[in-house]
$ cat work34.cif   # mmCIF, C-alpha atoms and all ligand atoms
data_run
#
loop_
_atom_site.group_PDB
_atom_site.id
_atom_site.type_symbol
_atom_site.label_atom_id
_atom_site.label_comp_id
_atom_site.auth_asym_id
_atom_site.auth_seq_id
_atom_site.Cartn_x
_atom_site.Cartn_y
_atom_site.Cartn_z
ATOM 1 C CA MET N 1 -0.239 8.043 26.737
ATOM 2 C CA SER N 2 -1.926 10.323 24.258
ATOM 3 C CA ASP N 3 -3.864 8.904 21.339
ATOM 4 C CA ARG N 4 -1.315 10.494 19.048
ATOM 5 C CA GLU N 5 1.360 8.084 20.167
ATOM 6 C CA ILE N 6 1.784 5.149 17.845
ATOM 7 C CA ASP N 7 2.875 1.860 19.323
ATOM 8 C CA GLY N 8 3.610 3.905 22.423
ATOM 9 C CA ASN N 9 6.318 5.733 20.515
ATOM 10 C CA PRO N 10 5.763 9.423 19.718
ATOM 11 C CA GLU N 11 8.621 9.276 17.211
ATOM 12 C CA MET N 12 6.368 7.188 14.971
ATOM 13 C CA ASN N 13 4.380 10.343 14.249
ATOM 14 C CA ASN N 14 7.270 11.502 12.112
ATOM 15 C CA ILE N 15 7.453 8.526 9.792
ATOM 16 C CA ALA N 16 6.726 8.897 6.089
ATOM 17 C CA VAL N 17 3.862 6.921 4.571
ATOM 18 C CA PHE N 18 2.761 6.205 1.013
ATOM 19 C CA VAL N 19 -0.487 7.621 -0.333
ATOM 20 C CA CYS N 20 -2.166 7.826 -3.742
ATOM 21 C CA SER N 21 -2.495 11.125 -5.560
ATOM 22 C CA HIS N 22 -6.103 11.533 -4.359
ATOM 23 C CA ILE N 23 -5.079 11.341 -0.736
ATOM 24 C CA PHE N 24 -2.044 13.489 -1.362
ATOM 25 C CA GLU N 25 -4.242 16.196 -2.844
ATOM 26 C CA ASN N 26 -6.952 15.636 -0.222
ATOM 27 C CA ALA N 27 -9.420 14.993 -3.051
ATOM 28 C CA MET N 28 -10.787 11.732 -1.596
ATOM 29 C CA PRO N 29 -11.232 10.280 1.898
ATOM 30 C CA ILE N 30 -8.908 7.515 3.049
ATOM 31 C CA LEU N 31 -10.831 4.235 2.730
ATOM 32 C CA TYR N 32 -8.005 1.720 2.706
ATOM 33 C CA ALA N 33 -4.871 1.327 4.771
ATOM 34 C CA CYS N 34 -2.297 -1.383 5.075
ATOM 35 C CA ARG N 35 0.936 -1.973 6.885
ATOM 36 C CA ASP N 36 3.306 -4.169 4.955
ATOM 37 C CA GLY N 37 6.897 -4.728 5.914
ATOM 38 C CA GLY N 38 6.717 -1.768 8.253
ATOM 39 C CA GLU N 39 5.555 0.542 5.443
ATOM 40 C CA TRP N 40 2.163 2.212 5.683
ATOM 41 C CA GLN N 41 -0.059 2.834 2.697
ATOM 42 C CA PHE N 42 -3.187 4.984 2.799
ATOM 43 C CA LEU N 43 -5.347 4.879 -0.315
ATOM 44 C CA CYS N 44 -8.733 6.133 -1.466
ATOM 45 C CA GLY N 45 -9.919 2.662 -2.510
ATOM 46 C CA GLU N 46 -10.550 3.654 -6.128
ATOM 47 C CA PRO N 47 -8.682 2.054 -9.018
ATOM 48 C CA HIS N 48 -5.505 3.816 -10.086
ATOM 49 C CA GLY N 49 -3.959 3.908 -13.521
ATOM 50 C CA ASN N 50 -0.592 2.453 -14.350
ATOM 51 C CA ASN N 51 0.846 5.950 -14.331
ATOM 52 C CA GLU N 52 -0.057 6.409 -10.681
ATOM 53 C CA LEU N 53 3.017 6.949 -8.587
ATOM 54 C CA PRO N 54 2.876 6.666 -4.821
ATOM 55 C CA ARG N 55 3.343 9.945 -3.002
ATOM 56 C CA VAL N 56 5.066 10.273 0.326
ATOM 57 C CA ILE N 57 3.539 12.225 3.180
ATOM 58 C CA GLY N 58 4.174 12.502 6.905
ATOM 59 C CA LEU N 59 2.009 10.234 9.044
ATOM 60 C CA ALA N 60 1.267 13.057 11.471
ATOM 61 C CA HIS N 61 -0.107 15.114 8.579
ATOM 62 C CA ILE N 62 -2.799 12.633 7.600
ATOM 63 C CA LEU N 63 -3.596 11.851 11.235
ATOM 64 C CA ASP N 64 -4.332 15.530 11.677
ATOM 65 C CA ARG N 65 -6.580 15.450 8.640
ATOM 66 C CA ASP N 66 -8.580 12.361 9.644
ATOM 67 C CA LYS N 67 -8.845 11.632 13.363
ATOM 68 C CA SER N 68 -10.549 8.282 12.702
ATOM 69 C CA LEU N 69 -7.203 6.926 11.506
ATOM 70 C CA SER N 70 -6.156 6.737 15.142
ATOM 71 C CA ASP N 71 -8.451 3.668 15.348
ATOM 72 C CA ILE N 72 -6.142 1.674 13.095
ATOM 73 C CA ILE N 73 -2.777 3.221 13.738
ATOM 74 C CA ASN N 74 -1.716 0.316 15.919
ATOM 75 C CA LEU N 75 -2.514 -2.148 13.134
ATOM 76 C CA PRO N 76 0.016 -4.996 13.277
ATOM 77 C CA ASP N 77 2.403 -5.429 10.381
ATOM 78 C CA GLY N 78 0.884 -7.559 7.613
ATOM 79 C CA PHE N 79 -2.675 -6.368 8.235
ATOM 80 C CA GLU N 80 -4.961 -4.151 6.204
ATOM 81 C CA ALA N 81 -8.021 -2.101 7.048
ATOM 82 C CA GLY N 82 -10.813 -0.889 4.823
ATOM 83 C CA ARG N 83 -14.106 0.935 5.183
ATOM 84 C CA ASP N 84 -16.974 1.781 2.861
ATOM 85 C CA PHE N 85 -17.004 5.518 3.459
ATOM 86 C CA ALA N 86 -15.381 8.113 5.671
ATOM 87 C CA GLY N 87 -16.700 7.689 9.190
ATOM 88 C CA ALA N 88 -17.636 4.015 8.697
ATOM 89 C CA GLU N 89 -16.120 1.414 10.981
ATOM 90 C CA TRP N 90 -12.764 0.027 9.863
ATOM 91 C CA LYS N 91 -12.724 -3.660 8.931
ATOM 92 C CA VAL N 92 -9.344 -5.147 9.721
ATOM 93 C CA SER N 93 -8.060 -8.304 8.071
ATOM 94 C CA LYS N 94 -4.776 -10.097 7.568
ATOM 95 C CA MET N 95 -3.122 -9.523 4.217
ATOM 96 C CA ARG N 96 -2.551 -12.535 1.996
HETATM 97 ZN ZN ZN I 1 -6.575 7.309 -5.008
#
$ encode --input "work34.cif" --output "structure tokens"
Amino acid sequence: MSDREIDGNPEMNNIAVFVCSHIFENAMPILYACRDGGEWQFLCGEPHGNNELPRVIGLAHILDRDKSLSDIINLPDGFEAGRDFAGAEWKVSKMR
């Protein structure tokens, strides 16, 4: 099994995930991720204005951009992961 397979299912690489505009534009590193109801979110960790609309991007695309995301890609549903800076260790916790 390659590390690109998610939950042992290569098809998962093709799923769409939600990101903030900073991640979409590759302006900020991904510092927060959560999996809620089967939907992934990858955010920069900074506050976002009310006008912020989630963008949709292919999971494989951001995995290519940041290999360290493979550490959390098997995160169970209902869990979140955060880190202080790109390259820091992910801290995983259960969402409220
Ligand atoms: Zn952002």
$ residues_near_ligand --input "work34.cif" --ligand "ligand ZN 1 (chain I)" --cutoff "10 Å" --atoms "only C-alpha atoms and all ligand atoms" --output "PyMOL selection string"
chain N and resi 19-32+42-49+52+54
$ atom_distance --input "work34.cif" --atom1 "CA of Asp77 in chain N" --atom2 "CA of Val17 in chain N"
13.7 Å
$ resolve_selection --input "work34.cif" --expression "the PyMOL selection byres (((chain N and resi 76) around 12) and not hetatm)" --output "list of chain:residue names"
N:Ile6, N:Asp7, N:Ala33, N:Cys34, N:Arg35, N:Asp36, N:Gly37, N:Gly38, N:Glu39, N:Trp40, N:Ile72, N:Ile73, N:Asn74, N:Leu75, N:Asp77, N:Gly78, N:Phe79, N:Glu80, N:Ala81, N:Val92, N:Ser93, N:Lys94, N:Met95
$ closest_residue --input "work34.cif" --among "N:Asn50, N:Ile15, N:Glu89, N:Arg83" --to "Ile62 in chain N" --atoms "only C-alpha atoms"
N:Ile15
$ atom_distance --input "work34.cif" --atom1 "CA of Ala88 in chain N" --atom2 "CA of Ser68 in chain N"
9.2 Å
$ atom_distance --input "work34.cif" --atom1 "CA of Asn14 in chain N" --atom2 "CA of His61 in chain N"
8.9 Å
$ residues_around --input "work34.cif" --residues "Ala16 in chain N" --least-positions-apart "2" --cutoff "8 Å" --atoms "all atoms listed in the file" --output "ChimeraX atom specification"
/N:14,18,56-59
